[in-house]
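Chemist: Right, I'll just put the structure down here and ask away after.
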Amino acid sequence: MQERAARTRRTVLEAAADEFAERGYEGASLQGVAWRAATSIGALTFHFRNKTALAEEVRTVGSVRFARCVDELTPSTDPLRELRVLIGTLARVAREDSFVRAARRLEANAPEDEPPLAETWMPVLRALLDRAHGARRLRPGVAPEAAAAMLSHLAEGAMAANGTTRDVVWDSVWDVVLHGLAAGDPRPGPPGAASPDLAAARPGGG
(Lines give C-alpha, C1' and ligand atoms only; values in the text may rest on other atoms or scores of the structure.)
Protein backbone atom coordinates (compact mmCIF):
# COMPACT_ATOMS: atom_id res chain seq x y z
CA MET A 1 0.00 0.00 0.00
CA GLN A 2 2.79 2.43 0.91
CA GLU A 3 4.62 1.64 -2.31
CA ARG A 4 1.49 2.31 -4.35
CA ALA A 5 0.89 5.60 -2.49
CA ALA A 6 4.47 6.66 -3.14
CA ARG A 7 4.10 5.79 -6.82
CA THR A 8 0.88 7.80 -7.04
CA ARG A 9 2.57 10.76 -5.37
CA ARG A 10 5.46 10.66 -7.86
CA THR A 11 3.05 10.42 -10.78
CA VAL A 12 1.06 13.39 -9.50
CA LEU A 13 4.22 15.45 -9.01
CA GLU A 14 5.47 14.69 -12.52
CA ALA A 15 2.07 15.60 -13.97
CA ALA A 16 2.02 18.80 -11.92
CA ALA A 17 5.48 19.76 -13.19
CA ASP A 18 4.24 19.44 -16.77
CA GLU A 19 1.06 21.39 -15.95
CA PHE A 20 2.85 24.26 -14.22
CA ALA A 21 5.63 24.36 -16.83
CA GLU A 22 3.07 24.75 -19.63
CA ARG A 23 0.41 26.88 -17.94
CA GLY A 24 2.05 28.66 -15.01
CA TYR A 25 0.43 28.90 -11.60
CA GLU A 26 -2.68 30.82 -12.62
CA GLY A 27 -3.43 28.69 -15.68
CA ALA A 28 -2.81 25.33 -13.98
CA SER A 29 -5.62 23.42 -12.29
CA LEU A 30 -5.89 20.41 -10.05
CA GLN A 31 -8.26 18.87 -12.57
CA GLY A 32 -5.63 19.29 -15.26
CA VAL A 33 -3.00 17.65 -13.07
CA ALA A 34 -5.35 14.77 -12.22
CA TRP A 35 -6.07 14.25 -15.92
CA ARG A 36 -2.35 14.18 -16.78
CA ALA A 37 -1.69 11.76 -13.91
CA ALA A 38 -4.64 9.55 -14.87
CA THR A 39 -5.90 9.68 -11.30
CA SER A 40 -8.78 11.18 -9.33
CA ILE A 41 -9.00 14.53 -7.56
CA GLY A 42 -9.45 12.58 -4.33
CA ALA A 43 -6.18 10.71 -4.84
CA LEU A 44 -4.42 13.96 -5.71
CA THR A 45 -5.67 15.89 -2.66
CA PHE A 46 -4.78 12.95 -0.42
CA HIS A 47 -1.15 13.86 -1.09
CA PHE A 48 -1.45 17.62 -1.73
CA ARG A 49 -4.27 19.53 -0.04
CA ASN A 50 -4.46 22.30 -2.65
CA LYS A 51 -2.77 23.84 -5.68
CA THR A 52 -0.47 25.98 -3.55
CA ALA A 53 0.94 22.97 -1.71
CA LEU A 54 1.43 21.16 -5.00
CA ALA A 55 3.20 24.16 -6.55
CA GLU A 56 5.50 24.51 -3.54
CA GLU A 57 6.59 20.88 -3.81
CA VAL A 58 7.19 21.13 -7.56
CA ARG A 59 9.20 24.32 -7.05
CA THR A 60 11.27 22.66 -4.32
CA VAL A 61 12.08 19.65 -6.49
CA GLY A 62 12.94 21.90 -9.43
CA SER A 63 15.23 24.07 -7.31
CA VAL A 64 17.07 21.03 -5.95
CA ARG A 65 17.57 19.58 -9.43
CA PHE A 66 18.76 22.95 -10.73
CA ALA A 67 21.28 23.30 -7.90
CA ARG A 68 22.53 19.73 -8.35
CA CYS A 69 23.14 20.31 -12.06
CA VAL A 70 25.26 23.40 -11.27
CA ASP A 71 27.14 21.62 -8.46
CA GLU A 72 28.06 18.74 -10.77
CA LEU A 73 29.75 20.91 -13.39
CA THR A 74 33.26 19.74 -14.19
CA PRO A 75 35.85 22.39 -13.27
CA SER A 76 38.07 23.72 -16.06
CA THR A 77 41.42 25.46 -15.98
CA ASP A 78 39.94 28.05 -18.37
CA PRO A 79 37.23 30.15 -16.67
CA LEU A 80 35.83 31.36 -20.01
CA ARG A 81 35.39 27.81 -21.19
CA GLU A 82 33.72 26.96 -17.88
CA LEU A 83 31.37 29.93 -18.33
CA ARG A 84 30.33 28.57 -21.70
CA VAL A 85 29.67 25.15 -20.18
CA LEU A 86 27.71 26.73 -17.31
CA ILE A 87 25.36 28.63 -19.60
CA GLY A 88 24.98 25.65 -21.92
CA THR A 89 24.12 23.46 -18.94
CA LEU A 90 21.54 25.94 -17.67
CA ALA A 91 19.91 25.99 -21.09
CA ARG A 92 19.94 22.21 -21.37
CA VAL A 93 18.41 21.53 -17.96
CA ALA A 94 15.73 24.19 -18.54
CA ARG A 95 14.91 22.46 -21.83
CA GLU A 96 14.97 18.86 -20.60
CA ASP A 97 13.69 18.97 -17.01
CA SER A 98 10.01 19.81 -16.57
CA PHE A 99 10.52 20.44 -12.84
CA VAL A 100 13.10 23.12 -13.59
CA ARG A 101 10.88 24.70 -16.23
CA ALA A 102 7.99 24.67 -13.77
CA ALA A 103 10.11 26.16 -11.00
CA ARG A 104 11.11 29.01 -13.31
CA ARG A 105 7.48 29.73 -14.22
CA LEU A 106 6.38 29.49 -10.61
CA GLU A 107 8.89 32.09 -9.42
CA ALA A 108 6.34 34.82 -10.09
CA ASN A 109 4.14 33.32 -7.37
CA ALA A 110 6.89 32.30 -4.96
CA PRO A 111 6.80 33.58 -1.35
CA GLU A 112 8.82 36.73 -0.77
CA ASP A 113 11.32 34.89 1.41
CA GLU A 114 11.95 32.24 -1.26
CA PRO A 115 15.42 32.75 -2.80
CA PRO A 116 15.28 33.22 -6.59
CA LEU A 117 16.67 30.47 -8.79
CA ALA A 118 19.33 32.86 -10.05
CA GLU A 119 21.01 32.58 -6.64
CA THR A 120 21.86 29.02 -7.65
CA TRP A 121 24.08 29.99 -10.56
CA MET A 122 24.86 33.72 -10.39
CA PRO A 123 27.53 33.30 -7.67
CA VAL A 124 29.20 30.66 -9.85
CA LEU A 125 29.08 32.96 -12.87
CA ARG A 126 30.54 35.88 -10.91
CA ALA A 127 33.30 33.72 -9.46
CA LEU A 128 34.29 32.52 -12.93
CA LEU A 129 34.43 36.09 -14.20
CA ASP A 130 36.58 37.09 -11.24
CA ARG A 131 38.92 34.20 -12.09
CA ALA A 132 39.02 35.28 -15.72
CA HIS A 133 39.78 38.84 -14.66
CA GLY A 134 42.55 37.69 -12.31
CA ALA A 135 44.06 35.52 -15.05
CA ARG A 136 43.88 38.43 -17.53
CA ARG A 137 41.54 36.43 -19.74
CA LEU A 138 39.14 39.38 -20.01
CA ARG A 139 39.69 42.10 -22.55
CA PRO A 140 41.22 45.23 -20.96
CA GLY A 141 38.49 47.60 -19.86
CA VAL A 142 35.87 44.85 -19.37
CA ALA A 143 34.74 44.96 -15.75
CA PRO A 144 33.61 41.63 -14.23
CA GLU A 145 30.44 43.34 -12.91
CA ALA A 146 29.43 44.52 -16.38
CA ALA A 147 30.24 41.14 -17.89
CA ALA A 148 28.15 39.42 -15.19
CA ALA A 149 25.15 41.61 -16.02
CA MET A 150 25.44 40.80 -19.73
CA LEU A 151 25.99 37.06 -19.22
CA SER A 152 23.08 36.81 -16.80
CA HIS A 153 20.79 38.13 -19.55
CA LEU A 154 22.34 35.66 -22.00
CA ALA A 155 21.76 32.80 -19.57
CA GLU A 156 18.15 33.80 -18.95
CA GLY A 157 17.57 34.04 -22.69
CA ALA A 158 19.13 30.64 -23.28
CA MET A 159 16.89 29.09 -20.62
CA ALA A 160 13.77 30.85 -21.85
CA ALA A 161 14.37 29.68 -25.43
CA ASN A 162 13.45 26.17 -24.23
CA GLY A 163 14.67 24.34 -27.30
CA THR A 164 13.35 26.81 -29.87
CA THR A 165 16.89 27.95 -30.68
CA ARG A 166 19.30 25.43 -32.14
CA ASP A 167 22.57 24.75 -30.34
CA VAL A 168 24.50 25.99 -33.36
CA VAL A 169 22.83 29.39 -32.97
CA TRP A 170 23.87 29.60 -29.33
CA ASP A 171 27.40 28.63 -30.37
CA SER A 172 27.43 31.59 -32.74
CA VAL A 173 26.04 33.89 -30.04
CA TRP A 174 28.70 32.71 -27.62
CA ASP A 175 31.44 33.40 -30.17
CA VAL A 176 30.17 36.97 -30.47
CA VAL A 177 30.08 37.33 -26.69
CA LEU A 178 33.62 36.00 -26.32
CA HIS A 179 34.83 38.35 -29.02
CA GLY A 180 33.77 41.19 -26.75
CA LEU A 181 34.95 39.60 -23.50
CA ALA A 182 38.14 37.68 -24.18
CA ALA A 183 41.57 39.21 -24.26
CA GLY A 184 42.49 39.14 -27.94
CA ASP A 185 45.48 37.55 -29.55
CA PRO A 186 47.75 40.25 -31.04
CA ARG A 187 48.58 38.12 -34.07
CA PRO A 188 45.95 38.53 -36.82
CA GLY A 189 44.49 35.36 -38.28
CA PRO A 190 42.79 34.69 -41.61
CA PRO A 191 39.45 36.45 -42.16
CA GLY A 192 36.61 34.73 -40.31
CA ALA A 193 38.91 32.56 -38.19
CA ALA A 194 38.26 32.42 -34.46
CA SER A 195 41.08 33.63 -32.27
CA PRO A 196 42.89 31.11 -30.05
CA ASP A 197 40.96 32.51 -27.09
CA LEU A 198 37.62 31.80 -28.75
CA ALA A 199 38.66 28.33 -29.84
CA ALA A 200 39.94 27.43 -26.39
CA ALA A 201 36.67 28.47 -24.78
CA ARG A 202 34.64 26.17 -27.00
CA PRO A 203 33.78 22.73 -25.61
CA GLY A 204 36.60 20.45 -26.69
CA GLY A 205 38.76 23.42 -27.63
CA GLY A 206 42.42 23.83 -26.60
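Naming scheme: A, B, ... for chains in displayed order of the C-alpha coordinates; residues 1 onward per chain; ligands 1 onward as shown.
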Return as a Markdown table the residues of stretch 29-119 of chain A lying at most 12 Å from stretch 125-144 of chain A, together with the closest atom-to-atom pair for each and the distance in Å to one decimal, counting only C-alpha atoms, with rows in chain order and ascending residue number.

Modeler:
```
| residue | atom | partner | partner_atom | distance |
| --- | --- | --- | --- | --- |
| A:Val70 | CA | A:Leu125 | CA | 10.4 |
| A:Pro75 | CA | A:Leu128 | CA | 10.3 |
| A:Ser76 | CA | A:Leu128 | CA | 10.1 |
| A:Thr77 | CA | A:Arg131 | CA | 9.9 |
| A:Asp78 | CA | A:Ala132 | CA | 7.8 |
| A:Pro79 | CA | A:Leu128 | CA | 5.3 |
| A:Leu80 | CA | A:Ala132 | CA | 6.6 |
| A:Arg81 | CA | A:Leu128 | CA | 9.6 |
| A:Glu82 | CA | A:Leu128 | CA | 7.5 |
| A:Leu83 | CA | A:Leu125 | CA | 6.6 |
| A:Arg84 | CA | A:Leu125 | CA | 9.9 |
| A:Val85 | CA | A:Leu125 | CA | 10.7 |
| A:Leu86 | CA | A:Leu125 | CA | 7.8 |
| A:Ile87 | CA | A:Leu125 | CA | 8.8 |
| A:Leu90 | CA | A:Leu125 | CA | 11.4 |
| A:Ala118 | CA | A:Leu125 | CA | 10.2 |
| A:Glu119 | CA | A:Leu125 | CA | 10.2 |
```

Chemist: Rounded to one decimal, what separation in Å do you get between atom CA of A:Arg104 and atom CA of A:Gly180?

Modeler: 29.0 Å

Chemist: Name the closest residue to A:Thr45 among the candidates A:Arg23, A:Pro116, A:Arg68, A:Val12; distances are taken between atoms, counting only C-alpha atoms.

Modeler: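 Ranked by minimum distance to A:Thr45, first place goes to A:Val12.
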
Chemist: When distances are computed from only C-alpha atoms, which of A:Ala5, A:Leu106, A:Ala91, A:Val177 shows the smallest separation from A:Gly157?

Modeler: A:Ala91

Chemist: What's the 10 Å shell around A:Ala16, counting only C-alpha atoms, without same-chain residues fewer than 4 positions away, as a ChimeraX atom specification?

Modeler: /A:10-12,20-22,28-30,32-34,36-37,51,54-55,57-58,98-99,102
